[in-house]
>>> print(open('run.pdb').read())   # PDB, C-alpha atoms, pLDDT in the B column
ATOM      1  CA  MET A   1      -1.144  -3.502   4.437  1.00 97.00           C
ATOM      2  CA  ILE A   2      -4.156  -5.500   3.389  1.00 97.00           C
ATOM      3  CA  LYS A   3      -4.973  -8.167   0.776  1.00 97.00           C
ATOM      4  CA  VAL A   4      -5.861  -6.698  -2.612  1.00 97.00           C
ATOM      5  CA  ASN A   5      -7.652  -8.438  -5.468  1.00 96.00           C
ATOM      6  CA  ARG A   6      -5.801  -7.481  -8.618  1.00 97.00           C
ATOM      7  CA  SER A   7      -7.615  -7.588 -11.952  1.00 96.00           C
ATOM      8  CA  TYR A   8      -6.640 -10.641 -13.946  1.00 93.00           C
ATOM      9  CA  VAL A   9      -6.308  -8.932 -17.337  1.00 94.00           C
ATOM     10  CA  ALA A  10      -3.440  -6.456 -17.655  1.00 96.00           C
ATOM     11  CA  PRO A  11      -4.174  -2.999 -19.136  1.00 97.00           C
ATOM     12  CA  LEU A  12      -3.446  -2.809 -22.872  1.00 96.00           C
ATOM     13  CA  SER A  13      -0.887   0.000 -22.566  1.00 97.00           C
ATOM     14  CA  LEU A  14       1.597  -2.339 -20.897  1.00 97.00           C
ATOM     15  CA  ALA A  15       1.854  -4.349 -24.121  1.00 95.00           C
ATOM     16  CA  LYS A  16       2.572  -1.072 -25.922  1.00 95.00           C
ATOM     17  CA  GLY A  17       5.553  -0.376 -23.665  1.00 95.00           C
ATOM     18  CA  THR A  18       4.252   2.103 -21.084  1.00 96.00           C
ATOM     19  CA  TYR A  19       3.047   1.771 -17.494  1.00 95.00           C
ATOM     20  CA  GLN A  20       2.171   5.451 -17.062  1.00 94.00           C
ATOM     21  CA  ALA A  21      -0.866   5.453 -19.340  1.00 96.00           C
ATOM     22  CA  LYS A  22      -4.401   6.327 -18.280  1.00 96.00           C
ATOM     23  CA  ASP A  23      -5.725   2.761 -18.428  1.00 97.00           C
ATOM     24  CA  VAL A  24      -2.997   1.501 -16.074  1.00 97.00           C
ATOM     25  CA  GLN A  25      -3.619   4.284 -13.580  1.00 96.00           C
ATOM     26  CA  GLU A  26      -7.385   3.840 -13.688  1.00 96.00           C
ATOM     27  CA  GLN A  27      -7.131   0.091 -13.126  1.00 97.00           C
ATOM     28  CA  LEU A  28      -4.705   0.516 -10.223  1.00 97.00           C
ATOM     29  CA  LEU A  29      -7.029   3.054  -8.618  1.00 95.00           C
ATOM     30  CA  LEU A  30      -9.939   0.660  -9.000  1.00 96.00           C
ATOM     31  CA  ASP A  31      -8.112  -2.471  -7.833  1.00 97.00           C
ATOM     32  CA  PHE A  32      -6.486  -0.803  -4.831  1.00 96.00           C
ATOM     33  CA  GLY A  33      -9.577   1.166  -3.862  1.00 94.00           C
ATOM     34  CA  GLY A  34      -7.710   4.454  -4.060  1.00 93.00           C
ATOM     35  CA  LYS A  35      -5.462   3.447  -1.147  1.00 95.00           C
ATOM     36  CA  CYS A  36      -1.689   3.363  -1.000  1.00 97.00           C
ATOM     37  CA  TYR A  37      -0.839  -0.326  -0.678  1.00 98.00           C
ATOM     38  CA  LEU A  38       1.742   0.441   2.024  1.00 97.00           C
ATOM     39  CA  CYS A  39       0.286   3.016   4.443  1.00 96.00           C
ATOM     40  CA  GLU A  40      -3.387   2.422   3.444  1.00 96.00           C
ATOM     41  CA  CYS A  41      -4.141   6.130   3.454  1.00 93.00           C
ATOM     42  CA  HIS A  42      -7.086   6.992   1.225  1.00 87.00           C
ATOM     43  CA  ASP A  43      -7.077  10.788   1.076  1.00 74.00           C
ATOM     44  CA  LEU A  44      -3.880  11.092  -0.955  1.00 68.00           C
ATOM     45  CA  GLN A  45      -2.467  14.233  -2.490  1.00 71.00           C
ATOM     46  CA  SER A  46       0.085  12.584  -4.750  1.00 86.00           C
ATOM     47  CA  LEU A  47      -0.154   9.114  -6.312  1.00 92.00           C
ATOM     48  CA  VAL A  48       2.506   7.164  -8.181  1.00 94.00           C
ATOM     49  CA  THR A  49       2.771   3.789  -9.888  1.00 96.00           C
ATOM     50  CA  GLU A  50       5.107   1.773  -7.695  1.00 96.00           C
ATOM     51  CA  HIS A  51       7.206  -1.238  -8.696  1.00 97.00           C
ATOM     52  CA  LEU A  52       7.217  -3.836  -5.953  1.00 97.00           C
ATOM     53  CA  VAL A  53      10.506  -5.231  -7.245  1.00 96.00           C
ATOM     54  CA  ALA A  54      12.818  -2.477  -8.467  1.00 93.00           C
ATOM     55  CA  HIS A  55      13.236  -2.759 -12.233  1.00 93.00           C
ATOM     56  CA  HIS A  56      16.522  -0.835 -12.755  1.00 92.00           C
ATOM     57  CA  GLY A  57      15.620  -0.491 -16.435  1.00 90.00           C
ATOM     58  CA  ASP A  58      14.578  -4.108 -16.906  1.00 93.00           C
ATOM     59  CA  LYS A  59      11.655  -3.874 -19.340  1.00 95.00           C
ATOM     60  CA  VAL A  60      10.075  -7.124 -18.148  1.00 95.00           C
ATOM     61  CA  LEU A  61       9.910  -5.966 -14.527  1.00 95.00           C
ATOM     62  CA  MET A  62       8.994  -2.437 -15.597  1.00 96.00           C
ATOM     63  CA  LEU A  63       5.922  -3.558 -17.564  1.00 97.00           C
ATOM     64  CA  ASP A  64       4.888  -6.594 -15.525  1.00 97.00           C
ATOM     65  CA  TRP A  65       1.285  -5.971 -14.415  1.00 98.00           C
ATOM     66  CA  ASN A  66       1.888  -8.066 -11.289  1.00 97.00           C
ATOM     67  CA  ASN A  67       4.787  -5.801 -10.324  1.00 98.00           C
ATOM     68  CA  LEU A  68       2.768  -2.552 -10.419  1.00 98.00           C
ATOM     69  CA  PHE A  69       1.151  -1.171  -7.281  1.00 98.00           C
ATOM     70  CA  LEU A  70      -0.638   2.018  -6.237  1.00 97.00           C
ATOM     71  CA  SER A  71       1.426   4.063  -3.824  1.00 96.00           C
ATOM     72  CA  CYS A  72       1.565   7.554  -2.400  1.00 95.00           C
ATOM     73  CA  SER A  73       4.692   9.540  -3.209  1.00 94.00           C
ATOM     74  CA  HIS A  74       5.807   9.488   0.443  1.00 94.00           C
ATOM     75  CA  CYS A  75       5.768   5.698   0.775  1.00 96.00           C
ATOM     76  CA  ASN A  76       7.297   5.334  -2.684  1.00 95.00           C
ATOM     77  CA  SER A  77      10.138   7.587  -1.564  1.00 94.00           C
ATOM     78  CA  VAL A  78      10.628   5.682   1.691  1.00 96.00           C
ATOM     79  CA  LYS A  79      10.663   2.348  -0.153  1.00 96.00           C
ATOM     80  CA  ASN A  80      13.278   3.652  -2.583  1.00 94.00           C
ATOM     81  CA  GLN A  81      16.110   2.143  -0.556  1.00 93.00           C
ATOM     82  CA  ARG A  82      18.236  -0.828  -1.551  1.00 93.00           C
ATOM     83  CA  LYS A  83      17.161  -2.827   1.490  1.00 94.00           C
ATOM     84  CA  TYR A  84      13.523  -2.662   0.319  1.00 96.00           C
ATOM     85  CA  GLU A  85      14.103  -3.599  -3.331  1.00 93.00           C
ATOM     86  CA  HIS A  86      13.273  -7.250  -2.649  1.00 92.00           C
ATOM     87  CA  ASP A  87      11.489  -9.453  -0.132  1.00 95.00           C
ATOM     88  CA  ILE A  88       8.474  -7.189   0.415  1.00 98.00           C
ATOM     89  CA  ILE A  89       5.051  -8.839   0.762  1.00 98.00           C
ATOM     90  CA  ASP A  90       3.077  -8.940  -2.471  1.00 98.00           C
ATOM     91  CA  CYS A  91      -0.346  -8.108  -1.053  1.00 97.00           C
ATOM     92  CA  CYS A  92      -2.021  -9.281  -4.261  1.00 97.00           C
ATOM     93  CA  HIS A  93      -0.674 -12.820  -3.876  1.00 96.00           C
ATOM     94  CA  GLU A  94       0.142 -13.163  -0.174  1.00 96.00           C
ATOM     95  CA  GLU A  95      -2.143 -12.549   2.807  1.00 97.00           C
ATOM     96  CA  PRO A  96      -0.414  -9.759   4.780  1.00 97.00           C
ATOM     97  CA  GLU A  97      -2.518 -10.430   7.872  1.00 97.00           C
ATOM     98  CA  LYS A  98      -0.899 -13.860   8.182  1.00 97.00           C
ATOM     99  CA  LEU A  99       2.574 -12.336   8.151  1.00 97.00           C
ATOM    100  CA  LEU A 100       2.114  -9.047  10.005  1.00 98.00           C
ATOM    101  CA  ASN A 101       0.621  -7.994  13.307  1.00 97.00           C
ATOM    102  CA  GLN A 102      -0.597  -4.482  12.536  1.00 97.00           C
ATOM    103  CA  THR A 103      -1.409  -2.951  15.862  1.00 94.00           C
ATOM    104  CA  VAL A 104      -1.262   0.219  17.942  1.00 95.00           C
ATOM    105  CA  ASP A 105       1.584   1.326  20.168  1.00 94.00           C
ATOM    106  CA  GLU A 106      -0.082   1.398  23.577  1.00 87.00           C
ATOM    107  CA  THR A 107       2.144   4.277  24.740  1.00 92.00           C
ATOM    108  CA  THR A 108       1.926   6.672  21.794  1.00 94.00           C
ATOM    109  CA  GLY A 109      -1.234   5.550  20.011  1.00 94.00           C
ATOM    110  CA  GLU A 110       0.772   5.387  16.792  1.00 96.00           C
ATOM    111  CA  PRO A 111       0.815   2.537  14.275  1.00 97.00           C
ATOM    112  CA  LEU A 112       3.115  -0.368  15.042  1.00 97.00           C
ATOM    113  CA  VAL A 113       3.813  -3.274  12.712  1.00 98.00           C
ATOM    114  CA  GLU A 114       5.431  -6.481  13.944  1.00 97.00           C
ATOM    115  CA  PRO A 115       6.413  -9.496  11.847  1.00 98.00           C
ATOM    116  CA  ILE A 116       4.663 -12.776  12.550  1.00 97.00           C
ATOM    117  CA  GLY A 117       7.479 -15.284  12.398  1.00 93.00           C
ATOM    118  CA  ASP A 118      11.007 -14.575  11.263  1.00 92.00           C
ATOM    119  CA  SER A 119      10.767 -14.801   7.484  1.00 96.00           C
ATOM    120  CA  LEU A 120      12.789 -12.151   5.665  1.00 97.00           C
ATOM    121  CA  MET A 121       9.660 -11.012   3.809  1.00 97.00           C
ATOM    122  CA  ALA A 122       7.701 -10.425   7.029  1.00 98.00           C
ATOM    123  CA  VAL A 123      10.609  -8.669   8.755  1.00 98.00           C
ATOM    124  CA  ASN A 124      11.438  -6.424   5.787  1.00 98.00           C
ATOM    125  CA  THR A 125       7.805  -5.456   5.236  1.00 98.00           C
ATOM    126  CA  ALA A 126       7.266  -4.666   8.915  1.00 98.00           C
ATOM    127  CA  ASN A 127      10.358  -2.455   8.888  1.00 97.00           C
ATOM    128  CA  LEU A 128       9.202  -0.721   5.704  1.00 97.00           C
ATOM    129  CA  LEU A 129       5.717  -0.003   7.039  1.00 98.00           C
ATOM    130  CA  ASN A 130       7.107   1.348  10.297  1.00 97.00           C
ATOM    131  CA  ASP A 131       9.394   3.588   8.240  1.00 96.00           C
ATOM    132  CA  CYS A 132       6.427   4.817   6.193  1.00 96.00           C
ATOM    133  CA  PHE A 133       4.807   6.099   9.372  1.00 96.00           C
ATOM    134  CA  GLY A 134       7.952   7.228  11.153  1.00 93.00           C
ATOM    135  CA  LYS A 135      10.657   8.202   8.692  1.00 86.00           C
ATOM    136  CA  ASN A 136      11.793  11.735   9.641  1.00 84.00           C
ATOM    137  CA  ASN A 137      15.264  12.113   8.141  1.00 84.00           C
ATOM    138  CA  THR A 138      14.145  15.141   6.094  1.00 90.00           C
ATOM    139  CA  PRO A 139      11.667  17.914   6.969  1.00 92.00           C
ATOM    140  CA  TYR A 140       9.311  16.833   4.159  1.00 90.00           C
ATOM    141  CA  ARG A 141       9.314  13.196   5.184  1.00 90.00           C
ATOM    142  CA  LYS A 142       8.799  14.182   8.802  1.00 92.00           C
ATOM    143  CA  ALA A 143       5.775  16.315   7.879  1.00 93.00           C
ATOM    144  CA  GLU A 144       4.289  13.640   5.615  1.00 92.00           C
ATOM    145  CA  ALA A 145       4.778  10.891   8.188  1.00 93.00           C
ATOM    146  CA  ALA A 146       3.179  13.092  10.851  1.00 94.00           C
ATOM    147  CA  ALA A 147       0.155  13.674   8.593  1.00 93.00           C
ATOM    148  CA  LYS A 148      -0.252   9.920   8.129  1.00 94.00           C
ATOM    149  CA  VAL A 149      -0.051   9.278  11.853  1.00 96.00           C
ATOM    150  CA  LYS A 150      -2.641  11.993  12.460  1.00 96.00           C
ATOM    151  CA  ALA A 151      -5.010  10.390   9.937  1.00 95.00           C
ATOM    152  CA  PHE A 152      -4.348   6.982  11.489  1.00 97.00           C
ATOM    153  CA  LYS A 153      -5.193   8.226  14.987  1.00 97.00           C
ATOM    154  CA  ALA A 154      -8.418   9.806  13.740  1.00 96.00           C
ATOM    155  CA  VAL A 155      -9.545   6.497  12.215  1.00 97.00           C
ATOM    156  CA  MET A 156      -8.570   4.477  15.276  1.00 97.00           C
ATOM    157  CA  ASN A 157     -10.299   6.909  17.648  1.00 96.00           C
ATOM    158  CA  GLU A 158     -13.451   6.548  15.569  1.00 96.00           C
ATOM    159  CA  LEU A 159     -13.122   2.777  15.798  1.00 96.00           C
ATOM    160  CA  TYR A 160     -12.731   2.923  19.593  1.00 94.00           C
ATOM    161  CA  LYS A 161     -15.907   4.997  19.881  1.00 93.00           C
ATOM    162  CA  LYS A 162     -17.904   2.623  17.706  1.00 92.00           C
ATOM    163  CA  LEU A 163     -16.585  -0.414  19.561  1.00 92.00           C
ATOM    164  CA  LEU A 164     -17.535   1.172  22.875  1.00 89.00           C
ATOM    165  CA  THR A 165     -21.097   1.739  21.669  1.00 87.00           C
ATOM    166  CA  PHE A 166     -21.217  -1.745  20.194  1.00 83.00           C
ATOM    167  CA  ARG A 167     -19.988  -3.383  23.386  1.00 76.00           C
ATOM    168  CA  HIS A 168     -22.173  -1.542  25.883  1.00 74.00           C
ATOM    169  CA  GLU A 169     -25.307  -0.885  23.859  1.00 70.00           C
ATOM    170  CA  ASN A 170     -25.134  -3.736  21.347  1.00 65.00           C
ATOM    171  CA  ASP A 171     -25.379  -1.092  18.656  1.00 67.00           C
ATOM    172  CA  ASP A 172     -23.299   0.222  15.751  1.00 75.00           C
ATOM    173  CA  TYR A 173     -22.561  -3.248  14.388  1.00 82.00           C
ATOM    174  CA  ARG A 174     -22.951  -2.101  10.787  1.00 86.00           C
ATOM    175  CA  ALA A 175     -20.665   0.878  11.405  1.00 87.00           C
ATOM    176  CA  VAL A 176     -18.022  -1.309  13.021  1.00 91.00           C
ATOM    177  CA  ARG A 177     -18.197  -3.812  10.171  1.00 91.00           C
ATOM    178  CA  GLY A 178     -17.670  -0.970   7.725  1.00 93.00           C
ATOM    179  CA  MET A 179     -14.426  -0.016   9.450  1.00 95.00           C
ATOM    180  CA  LEU A 180     -13.244  -3.645   9.276  1.00 96.00           C
ATOM    181  CA  ASP A 181     -13.872  -3.887   5.551  1.00 95.00           C
ATOM    182  CA  ARG A 182     -10.632  -4.274   3.589  1.00 94.00           C
ATOM    183  CA  ARG A 183     -11.495  -1.202   1.518  1.00 94.00           C
ATOM    184  CA  HIS A 184     -11.535   1.053   4.598  1.00 96.00           C
ATOM    185  CA  PRO A 185      -8.507   3.257   5.319  1.00 96.00           C
ATOM    186  CA  PHE A 186      -6.018   1.524   7.637  1.00 97.00           C
ATOM    187  CA  ALA A 187      -8.040  -1.700   7.476  1.00 97.00           C
ATOM    188  CA  GLY A 188      -4.960  -3.747   8.309  1.00 98.00           C
ATOM    189  CA  PHE A 189      -4.860  -1.923  11.647  1.00 98.00           C
ATOM    190  CA  THR A 190      -8.580  -1.765  12.407  1.00 97.00           C
ATOM    191  CA  ARG A 191      -8.847  -5.484  11.724  1.00 97.00           C
ATOM    192  CA  GLY A 192      -5.637  -6.188  13.600  1.00 97.00           C
ATOM    193  CA  TYR A 193      -6.830  -4.272  16.649  1.00 96.00           C
ATOM    194  CA  VAL A 194     -10.107  -6.191  16.829  1.00 96.00           C
ATOM    195  CA  ARG A 195      -8.342  -9.496  16.188  1.00 95.00           C
ATOM    196  CA  ASN A 196      -5.982  -8.757  19.081  1.00 94.00           C
ATOM    197  CA  HIS A 197      -8.986  -7.998  21.335  1.00 94.00           C
ATOM    198  CA  LEU A 198     -11.416 -10.732  20.325  1.00 93.00           C
ATOM    199  CA  GLY A 199     -11.908 -11.572  23.981  1.00 93.00           C
ATOM    200  CA  ASP A 200     -13.792  -8.278  24.238  1.00 91.00           C
ATOM    201  CA  TYR A 201     -15.584  -8.568  20.887  1.00 91.00           C
ATOM    202  CA  PRO A 202     -16.172 -12.283  20.132  1.00 91.00           C
ATOM    203  CA  GLU A 203     -19.142 -11.372  17.922  1.00 90.00           C
ATOM    204  CA  LEU A 204     -16.705  -9.816  15.444  1.00 93.00           C
ATOM    205  CA  GLU A 205     -14.563 -12.903  14.918  1.00 94.00           C
ATOM    206  CA  ASP A 206     -16.032 -13.682  11.488  1.00 94.00           C
ATOM    207  CA  ASP A 207     -15.521 -10.063  10.392  1.00 94.00           C
ATOM    208  CA  VAL A 208     -11.742 -10.176  10.962  1.00 95.00           C
ATOM    209  CA  LYS A 209     -11.166 -13.777   9.925  1.00 91.00           C
ATOM    210  CA  ILE A 210      -8.126 -14.217   7.719  1.00 89.00           C
ATOM    211  CA  ARG A 211      -9.082 -15.921   4.497  1.00 77.00           C
TER     212      ARG A 211
END
>>> encode(input="run.pdb", output="C-alpha coordinates")
Amino acid sequence: MIKVNRSYVAPLSLAKGTYQAKDVQEQLLLDFGGKCYLCECHDLQSLVTEHLVAHHGDKVLMLDWNNLFLSCSHCNSVKNQRKYEHDIIDCCHEEPEKLLNQTVDETTGEPLVEPIGDSLMAVNTANLLNDCFGKNNTPYRKAEAAAKVKAFKAVMNELYKKLLTFRHENDDYRAVRGMLDRRHPFAGFTRGYVRNHLGDYPELEDDVKIR
(Lines of atoms letter the chains of each structure in order from A and count residues from 1; the text may use other names and numbers.)
(Lines give C-alpha, C1' and ligand atoms only; values in the text may rest on other atoms or scores of the structure.)
Protein backbone atom coordinates (compact mmCIF):
# COMPACT_ATOMS: atom_id res chain seq x y z
CA MET A 1 0.00 0.00 0.00
CA ILE A 2 1.29 3.39 -0.99
CA LYS A 3 0.18 7.03 -0.61
CA VAL A 4 -2.25 8.13 -3.33
CA ASN A 5 -3.15 11.68 -4.29
CA ARG A 6 -6.89 11.73 -4.78
CA SER A 7 -8.45 14.37 -7.02
CA TYR A 8 -10.05 17.12 -5.00
CA VAL A 9 -13.23 17.47 -7.07
CA ALA A 10 -15.60 14.50 -6.96
CA PRO A 11 -16.96 13.12 -10.27
CA LEU A 12 -20.37 14.55 -11.17
CA SER A 13 -22.13 11.17 -11.28
CA LEU A 14 -21.85 10.82 -7.50
CA ALA A 15 -24.19 13.79 -7.07
CA LYS A 16 -26.62 12.02 -9.41
CA GLY A 17 -26.70 8.95 -7.15
CA THR A 18 -24.34 6.47 -8.81
CA TYR A 19 -20.73 5.44 -8.17
CA GLN A 20 -20.53 3.00 -11.08
CA ALA A 21 -20.55 5.59 -13.85
CA LYS A 22 -17.80 6.10 -16.41
CA ASP A 23 -16.51 9.36 -14.93
CA VAL A 24 -16.02 7.77 -11.49
CA GLN A 25 -14.18 4.79 -12.94
CA GLU A 26 -11.98 6.95 -15.15
CA GLN A 27 -11.02 9.23 -12.27
CA LEU A 28 -10.22 6.29 -9.98
CA LEU A 29 -8.04 4.75 -12.68
CA LEU A 30 -6.21 8.04 -13.11
CA ASP A 31 -5.80 8.83 -9.41
CA PHE A 32 -4.68 5.33 -8.45
CA GLY A 33 -2.45 4.88 -11.49
CA GLY A 34 -4.28 1.74 -12.54
CA LYS A 35 -3.12 -0.09 -9.40
CA CYS A 36 -5.20 -1.89 -6.81
CA TYR A 37 -4.79 0.19 -3.66
CA LEU A 38 -4.30 -2.96 -1.57
CA CYS A 39 -1.99 -5.36 -3.44
CA GLU A 40 -0.52 -2.68 -5.80
CA CYS A 41 -0.73 -4.99 -8.79
CA HIS A 42 -0.92 -3.08 -12.06
CA ASP A 43 -1.72 -5.73 -14.66
CA LEU A 44 -5.25 -6.43 -13.44
CA GLN A 45 -7.85 -8.56 -15.14
CA SER A 46 -10.84 -7.43 -13.11
CA LEU A 47 -11.32 -4.03 -11.46
CA VAL A 48 -14.01 -2.93 -9.03
CA THR A 49 -14.91 0.24 -7.15
CA GLU A 50 -14.19 -0.54 -3.52
CA HIS A 51 -15.68 1.14 -0.45
CA LEU A 52 -13.05 1.60 2.23
CA VAL A 53 -15.76 1.70 4.90
CA ALA A 54 -18.56 -0.74 4.16
CA HIS A 55 -21.74 1.19 3.36
CA HIS A 56 -24.42 -1.48 4.05
CA GLY A 57 -26.86 0.58 1.98
CA ASP A 58 -25.98 3.91 3.58
CA LYS A 59 -26.23 6.37 0.67
CA VAL A 60 -23.79 8.84 2.22
CA LEU A 61 -21.04 6.24 2.55
CA MET A 62 -21.97 4.68 -0.79
CA LEU A 63 -21.53 7.95 -2.72
CA ASP A 64 -18.77 9.57 -0.67
CA TRP A 65 -15.89 10.26 -3.08
CA ASN A 66 -13.40 9.88 -0.22
CA ASN A 67 -14.74 6.39 0.48
CA LEU A 68 -14.21 5.06 -3.06
CA PHE A 69 -11.02 3.23 -4.00
CA LEU A 70 -9.72 1.25 -6.98
CA SER A 71 -9.38 -2.42 -6.18
CA CYS A 72 -8.95 -5.72 -7.96
CA SER A 73 -11.78 -8.21 -7.51
CA HIS A 74 -9.53 -10.57 -5.51
CA CYS A 75 -8.58 -8.00 -2.88
CA ASN A 76 -12.14 -6.69 -2.79
CA SER A 77 -13.32 -10.23 -2.06
CA VAL A 78 -10.70 -10.75 0.64
CA LYS A 79 -11.58 -7.43 2.29
CA ASN A 80 -15.27 -8.36 2.32
CA GLN A 81 -15.06 -9.66 5.88
CA ARG A 82 -16.56 -8.02 8.94
CA LYS A 83 -13.17 -7.63 10.60
CA TYR A 84 -12.00 -5.43 7.70
CA GLU A 85 -15.06 -3.17 7.49
CA HIS A 86 -13.38 -0.50 9.63
CA ASP A 87 -9.96 0.63 10.79
CA ILE A 88 -8.16 0.15 7.46
CA ILE A 89 -5.59 2.78 6.44
CA ASP A 90 -6.97 5.44 4.12
CA CYS A 91 -3.99 5.73 1.78
CA CYS A 92 -5.34 9.01 0.39
CA HIS A 93 -5.20 10.72 3.79
CA GLU A 94 -2.69 8.68 5.80
CA GLU A 95 0.90 7.80 4.89
CA PRO A 96 0.95 3.97 4.81
CA GLU A 97 4.75 3.87 4.92
CA LYS A 98 4.66 5.40 8.40
CA LEU A 99 2.33 2.68 9.65
CA LEU A 100 3.48 -0.41 7.75
CA ASN A 101 6.78 -2.14 7.17
CA GLN A 102 6.26 -3.70 3.75
CA THR A 103 9.09 -6.11 3.30
CA VAL A 104 10.09 -9.52 1.96
CA ASP A 105 9.99 -12.80 3.84
CA GLU A 106 13.65 -13.80 3.84
CA THR A 107 12.75 -17.52 3.76
CA THR A 108 10.12 -17.63 1.01
CA GLY A 109 10.76 -14.42 -0.91
CA GLU A 110 7.07 -13.60 -0.56
CA PRO A 111 5.56 -10.29 0.54
CA LEU A 112 5.34 -9.68 4.26
CA VAL A 113 3.60 -6.74 5.90
CA GLU A 114 4.20 -5.83 9.53
CA PRO A 115 2.50 -3.06 11.51
CA ILE A 116 4.66 -0.24 12.80
CA GLY A 117 3.34 0.31 16.29
CA ASP A 118 0.24 -1.29 17.75
CA SER A 119 -2.56 0.92 16.47
CA LEU A 120 -5.66 -1.01 15.41
CA MET A 121 -5.49 0.60 11.96
CA ALA A 122 -1.90 -0.54 11.36
CA VAL A 123 -2.55 -4.06 12.67
CA ASN A 124 -5.78 -4.54 10.71
CA THR A 125 -4.26 -3.24 7.48
CA ALA A 126 -1.18 -5.43 7.83
CA ASN A 127 -3.40 -8.46 8.37
CA LEU A 128 -5.55 -7.54 5.37
CA LEU A 129 -2.58 -7.09 3.04
CA ASN A 130 -1.06 -10.38 4.14
CA ASP A 131 -4.42 -12.02 3.44
CA CYS A 132 -4.52 -10.45 -0.03
CA PHE A 133 -1.29 -12.23 -0.88
CA GLY A 134 -1.92 -15.44 1.02
CA LYS A 135 -5.62 -16.16 1.32
CA ASN A 136 -6.17 -19.71 0.01
CA ASN A 137 -9.45 -20.86 1.53
CA THR A 138 -10.95 -21.46 -1.93
CA PRO A 139 -9.30 -22.72 -5.13
CA TYR A 140 -9.95 -19.40 -6.90
CA ARG A 141 -8.50 -17.31 -4.11
CA LYS A 142 -5.51 -19.63 -3.89
CA ALA A 143 -4.85 -19.26 -7.63
CA GLU A 144 -5.29 -15.48 -7.57
CA ALA A 145 -3.06 -15.05 -4.53
CA ALA A 146 -0.40 -17.23 -6.17
CA ALA A 147 -0.52 -15.07 -9.31
CA LYS A 148 0.02 -11.94 -7.21
CA VAL A 149 2.96 -13.48 -5.39
CA LYS A 150 4.47 -14.52 -8.72
CA ALA A 151 4.15 -10.96 -10.05
CA PHE A 152 5.59 -9.62 -6.79
CA LYS A 153 8.64 -11.90 -7.01
CA ALA A 154 9.26 -10.87 -10.62
CA VAL A 155 9.30 -7.18 -9.64
CA MET A 156 11.51 -7.76 -6.61
CA ASN A 157 13.96 -9.90 -8.59
CA GLU A 158 14.23 -7.09 -11.12
CA LEU A 159 14.89 -4.65 -8.29
CA TYR A 160 17.63 -6.88 -6.85
CA LYS A 161 19.35 -7.01 -10.24
CA LYS A 162 19.22 -3.26 -10.69
CA LEU A 163 20.46 -2.65 -7.15
CA LEU A 164 23.35 -5.03 -7.73
CA THR A 165 24.39 -3.14 -10.86
CA PHE A 166 23.91 0.17 -9.09
CA ARG A 167 26.00 -0.86 -6.11
CA HIS A 168 28.93 -2.43 -7.94
CA GLU A 169 29.05 -0.38 -11.13
CA ASN A 170 27.47 2.87 -9.94
CA ASP A 171 25.01 2.46 -12.79
CA ASP A 172 21.26 2.02 -13.28
CA TYR A 173 20.37 4.86 -10.92
CA ARG A 174 17.55 6.06 -13.16
CA ALA A 175 16.17 2.52 -13.45
CA VAL A 176 16.29 2.02 -9.70
CA ARG A 177 14.58 5.35 -9.09
CA GLY A 178 11.83 4.31 -11.48
CA MET A 179 11.13 1.21 -9.40
CA LEU A 180 10.94 3.35 -6.24
CA ASP A 181 8.40 5.72 -7.74
CA ARG A 182 5.02 5.47 -6.01
CA ARG A 183 3.35 4.73 -9.35
CA HIS A 184 5.41 1.56 -9.85
CA PRO A 185 3.81 -1.82 -9.10
CA PHE A 186 4.49 -2.94 -5.51
CA ALA A 187 6.12 0.41 -4.73
CA GLY A 188 5.34 0.00 -1.04
CA PHE A 189 7.60 -3.06 -1.08
CA THR A 190 10.35 -1.81 -3.38
CA ARG A 191 10.63 1.34 -1.28
CA GLY A 192 10.35 -0.63 1.94
CA TYR A 193 13.13 -3.00 0.89
CA VAL A 194 15.53 -0.17 0.08
CA ARG A 195 14.57 1.70 3.25
CA ASN A 196 15.35 -1.43 5.28
CA HIS A 197 18.75 -1.70 3.55
CA LEU A 198 19.86 1.92 3.45
CA GLY A 199 23.19 0.89 4.93
CA ASP A 200 23.92 -0.71 1.55
CA TYR A 201 22.37 2.05 -0.56
CA PRO A 202 22.77 5.38 1.30
CA GLU A 203 22.60 7.26 -2.01
CA LEU A 204 18.94 6.26 -2.29
CA GLU A 205 17.82 7.73 1.02
CA ASP A 206 16.10 10.74 -0.57
CA ASP A 207 14.30 8.46 -3.04
CA VAL A 208 12.55 6.47 -0.29
CA LYS A 209 12.03 9.31 2.17
CA ILE A 210 8.59 9.31 3.72
CA ARG A 211 6.90 12.64 3.16
>>> closest_atom_pairs(input="run.pdb", of="segment 11-74 of chain A", to="segment 154-169 of chain A", cutoff="12 Å", atoms="all atoms listed in the file", output="tab-separated table")
residue	atom	partner	partner_atom	distance
A:Glu40	CA	A:Val155	CA	11.5
A:Cys41	CA	A:Val155	CA	10.3
A:His42	CA	A:Val155	CA	11.3
>>> closest_residue(input="run.pdb", among="A:Arg6, A:Leu14, A:Pro139, A:Val113", to="Val60 of chain A", atoms="all atoms listed in the file")
A:Leu14
>>> closest_residue(input="run.pdb", among="A:His184, A:Lys98, A:Lys153, A:His93", to="Lys209 of chain A", atoms="only C-alpha atoms")
A:Lys98
>>> residues_near_point(input="run.pdb", point="(13.8, -8.3, 6.4)", cutoff="12 Å", atoms="only C-alpha atoms", output="list in words")
Arg82, Lys83, Tyr84, Glu85, His86, Asp87, Ile88, Ile89, Glu114, Pro115, Ile116, Gly117, Asp118, Ser119, Leu120, Met121, Ala122, Val123, Asn124, Thr125, Ala126, Asn127, Leu128 and Leu129 of chain A
>>> residues_near_point(input="run.pdb", point="(10.9, -3.3, -16.6)", cutoff="12 Å", atoms="all atoms listed in the file", output="VMD selection string")
chain A and resid 14 to 15 17 to 19 50 to 68
>>> atom_distance(input="run.pdb", atom1="atom CA of Cys91 of chain A", atom2="atom CA of Val4 of chain A")
5.9 Å
>>> resolve_selection(input="run.pdb", expression="the PyMOL selection byres ((chain A and resi 131) around 12)", output="PyMOL selection string")
chain A and resi 38-39+74-81+84+111-113+124-130+132-137+141-142+144-146+148-149
>>> resolve_selection(input="run.pdb", expression="the PyMOL selection byres ((chain A and resi 183) around 9)", output="MDAnalysis selection string")
chainID A and resid 2 4 32:35 178:182 184:187
